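protein.tsv (TSV, C-alpha atoms and all ligand atoms) appears below.
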chain	number	residue	atom	x	y	z
F	110	MET	CA	8.95	-18.39	13.99
F	111	ILE	CA	10.28	-18.34	10.43
F	112	LYS	CA	13.79	-16.82	10.23
F	113	GLU	CA	13.38	-15.15	6.84
F	114	LEU	CA	10.23	-14.78	4.81
F	115	THR	CA	10.14	-13.37	1.31
F	116	LEU	CA	7.02	-11.60	0.13
F	117	ASN	CA	6.28	-14.46	-2.26
F	118	GLU	CA	6.69	-17.06	0.49
F	119	PHE	CA	4.37	-15.00	2.69
F	120	GLN	CA	1.84	-14.89	-0.15
F	121	LYS	CA	2.09	-18.65	-0.67
F	122	ARG	CA	1.48	-19.30	3.04
F	123	ALA	CA	-1.40	-16.80	3.16
F	124	LEU	CA	-3.07	-18.35	0.13
F	125	ALA	CA	-3.01	-21.76	1.80
F	126	THR	CA	-5.64	-20.40	4.23
F	127	THR	CA	-8.04	-19.00	1.61
F	128	ASN	CA	-11.07	-20.57	0.00
F	129	GLY	CA	-9.84	-21.60	-3.42
F	130	ASP	CA	-13.36	-22.18	-4.70
F	131	SER	CA	-14.21	-18.49	-5.14
F	132	THR	CA	-14.98	-17.04	-8.52
F	133	LEU	CA	-12.87	-14.08	-9.64
F	134	ALA	CA	-15.67	-11.65	-8.74
F	135	GLU	CA	-16.17	-13.28	-5.32
F	136	ALA	CA	-12.45	-13.24	-4.55
F	137	LEU	CA	-12.13	-9.58	-5.59
F	138	LEU	CA	-15.12	-8.57	-3.48
F	139	ASN	CA	-14.19	-10.69	-0.47
F	140	GLY	CA	-10.59	-9.51	-0.64
F	141	SER	CA	-11.52	-5.86	-1.09
F	142	LEU	CA	-13.98	-5.88	1.80
F	143	GLY	CA	-11.48	-7.74	3.96
F	144	LEU	CA	-8.72	-5.27	3.07
F	145	ALA	CA	-10.94	-2.29	3.89
F	146	GLY	CA	-12.03	-3.94	7.13
F	147	GLU	CA	-8.49	-4.68	8.28
F	148	ALA	CA	-7.29	-1.19	7.29
F	149	GLY	CA	-10.22	0.08	9.34
F	150	GLU	CA	-9.14	-2.01	12.33
F	151	PHE	CA	-5.66	-0.48	12.08
F	152	ALA	CA	-7.10	3.03	11.79
F	153	ASP	CA	-9.42	2.37	14.74
F	154	ALA	CA	-6.47	1.33	16.88
F	155	VAL	CA	-4.64	4.54	15.93
F	156	LYS	CA	-7.82	6.53	16.67
F	157	LYS	CA	-8.02	5.02	20.15
F	158	LEU	CA	-4.36	5.85	20.76
F	159	THR	CA	-4.86	9.41	19.55
F	160	PHE	CA	-8.30	10.38	20.83
F	161	HIS	CA	-9.36	7.87	23.49
F	162	GLY	CA	-6.45	8.23	25.83
F	163	LYS	CA	-5.08	4.76	25.13
F	164	THR	CA	-1.33	4.58	25.53
F	165	LEU	CA	1.14	3.04	23.16
F	166	ASN	CA	2.51	0.10	25.08
F	167	THR	CA	3.66	-3.39	24.22
F	168	ASP	CA	0.10	-4.68	23.80
F	169	SER	CA	-1.16	-1.81	21.63
F	170	TYR	CA	2.05	-1.91	19.60
F	171	GLU	CA	1.61	-5.64	18.98
F	172	HIS	CA	-2.03	-5.03	18.08
F	173	LEU	CA	-0.97	-2.51	15.40
F	174	ILE	CA	1.54	-5.01	13.99
F	175	GLU	CA	-1.14	-7.73	13.97
F	176	GLU	CA	-3.53	-5.49	12.03
F	177	LEU	CA	-0.82	-4.66	9.49
F	178	GLY	CA	-0.33	-8.38	9.02
F	179	ASP	CA	-4.06	-8.79	8.45
F	180	VAL	CA	-3.86	-6.06	5.79
F	181	MET	CA	-0.95	-7.92	4.18
F	182	PHE	CA	-2.99	-11.12	4.07
F	183	TYR	CA	-5.68	-9.46	1.99
F	184	VAL	CA	-3.12	-7.70	-0.22
F	185	ALA	CA	-1.52	-11.09	-0.86
F	186	TRP	CA	-4.85	-12.66	-1.70
F	187	LEU	CA	-5.92	-9.82	-3.98
F	188	ALA	CA	-2.58	-9.85	-5.77
F	189	ASP	CA	-2.98	-13.57	-6.43
F	190	THR	CA	-6.55	-13.00	-7.58
F	191	LEU	CA	-5.14	-10.52	-10.11
F	192	GLY	CA	-2.54	-13.09	-11.15
F	193	VAL	CA	0.50	-11.33	-9.75
F	194	ASP	CA	2.93	-12.18	-6.98
F	195	LEU	CA	3.70	-9.86	-4.08
F	196	GLU	CA	7.30	-9.29	-5.15
F	197	THR	CA	6.03	-7.89	-8.44
F	198	VAL	CA	3.51	-5.63	-6.69
F	199	ALA	CA	6.26	-4.35	-4.37
F	200	ARG	CA	8.72	-3.79	-7.23
F	201	LYS	CA	6.16	-1.90	-9.29
F	202	ASN	CA	5.31	0.32	-6.34
F	203	ASN	CA	9.00	1.02	-5.65
F	204	LEU	CA	9.56	1.89	-9.31
F	205	LYS	CA	6.53	4.19	-9.41
F	206	LEU	CA	7.69	6.03	-6.30
F	207	SER	CA	11.30	6.30	-7.48
F	208	LEU	CA	10.07	7.87	-10.73
F	209	ARG	CA	7.73	10.21	-8.86
F	210	TYR	CA	10.31	11.19	-6.25
F	211	PRO	CA	13.74	10.59	-7.86
F	212	THR	CA	15.52	12.53	-5.12
F	213	GLY	CA	13.19	11.45	-2.33
F	214	PHE	CA	9.96	13.00	-1.17
F	215	VAL	CA	9.71	16.77	-1.66
F	216	PRO	CA	6.81	18.50	0.09
F	217	VAL	CA	4.74	20.87	-2.04
F	218	SER	CA	5.96	23.83	0.01
F	219	LYS	CA	9.56	23.05	-1.01
F	220	MET	CA	8.55	22.39	-4.63
F	221	THR	CA	6.99	25.83	-4.75
F	222	LYS	CA	10.23	27.37	-3.50
F	223	LEU	CA	12.21	25.44	-6.11
F	224	VAL	CA	9.84	26.21	-8.97
F	225	GLY	CA	8.98	29.77	-7.95
F	226	SER	CA	5.20	29.83	-7.71
F	227	ILE	CA	2.20	27.58	-7.40
F	228	ASP	CA	1.28	28.35	-11.04
F	229	ALA	CA	4.74	27.30	-12.22
F	230	LEU	CA	4.45	24.17	-10.05
F	231	ASN	CA	1.07	23.30	-11.57
F	232	ALA	CA	2.46	23.82	-15.07
F	233	ALA	CA	5.44	21.57	-14.25
F	234	LEU	CA	3.12	18.87	-12.88
F	235	VAL	CA	0.90	19.05	-15.99
F	236	ALA	CA	3.98	18.75	-18.22
F	237	LEU	CA	5.25	15.81	-16.16
F	238	LYS	CA	1.89	14.05	-16.36
F	239	ALA	CA	1.75	14.58	-20.14
F	240	GLU	CA	5.27	13.19	-20.39
F	241	GLU	CA	4.30	10.13	-18.32
F	242	GLU	CA	1.18	9.54	-20.43
F	243	GLY	CA	3.30	9.83	-23.54
F	244	SER	CA	5.73	7.22	-22.25
F	245	ASP	CA	2.80	4.91	-21.39
F	246	ASN	CA	1.87	4.89	-25.06
F	247	ASP	CA	5.36	3.83	-26.19
M	1	MG	MG	-7.60	-7.71	12.16
Please re-express this file's structure in structure tokens.
Ligand SMILES: [Mg+2]
Amino acid sequence: MIKELTLNEFQKRALATTNGDSTLAEALLNGSLGLAGEAGEFADAVKKLTFHGKTLNTDSYEHLIEELGDVMFYVAWLADTLGVDLETVARKNNLKLSLRYPTGFVPVSKMTKLVGSIDALNAALVALKAEEEGSDND
């Protein structure tokens, strides 16, 4: 097993197993359907653990990890199809979340307590969205 694997190295290895002859539209469709299918396999495994009496043991745990890896494969392929590497996708997501939750995640119930009311919270969210849209146009 590989000792350390960066996201970009993972993407490079994943791409070595894809059909490089696809058109952009074919790759987007194939990747999207594959991503949805693998996410579905993960969700199905969770469903069986939750509602079908299956227990979380070494095998079911490893199965969940395997399905997450399958999801990552399609994410890597789709990112490449869009002309971006996985490190960039990850960094952009981290940045987005750090801007959205600068002090960490705050549940709506706590936001309401901080802001005072749901109306004040909605007004604050509208103002924040307008501010974000304004900064997008800079
Ligand atoms: Mg799978």
- request: Output the neighbourhood of ligand MG 1 (chain M) as a ChimeraX atom specification, that is, all protein and nucleic acid residues with some atom at most 8 Å from the ligand, counting only C-alpha atoms and all ligand atoms.
  value: /F:146-147,150-151,175-180
Between CA of Gly213 (chain F) and CA of Tyr183 (chain F) - distance in Å to one decimal: 28.5 Å
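Rounded to one decimal, CA of Trp186 (chain F) and CA of Gln120 (chain F) lie 7.2 Å from each other.
Nearest residue to Met181 (chain F), choosing from F:Ser141, F:Gly243, F:Thr167, F:Arg209 and counting all atoms listed in the file: F:Ser141.
Take the candidates F:Glu196, F:Asp130, F:Asp189, F:Glu241 and check each one against Leu208 (chain F) using all atoms listed in the file; the shortest distance goes to F:Glu241.
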message: My list of candidates is F:Asn231, F:Gly140, F:Ala239, F:Ala199. Which is closest to Leu124 (chain F) when distances are computed with all atoms listed in the file?
response: F:Gly140
Axis-aligned box for region 178-190 of chain F, 4 Å per side, centre and edges in Å as lines of an AutoDock Vina configuration file:
center_x = -3.4
center_y = -9.8
center_z = 0.7
size_x = 14.2
size_y = 15.5
size_z = 24.6
- request: Kindly indicate which residue among F:Ala232, F:Leu191, F:Leu204, F:Val184 lies nearest to Ala123 (chain F), using all atoms listed in the file for the distances.
  value: F:Val184
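Reported to one decimal place, the separation of CA of Leu173 (chain F) from CA of His161 (chain F) is 15.6 Å.
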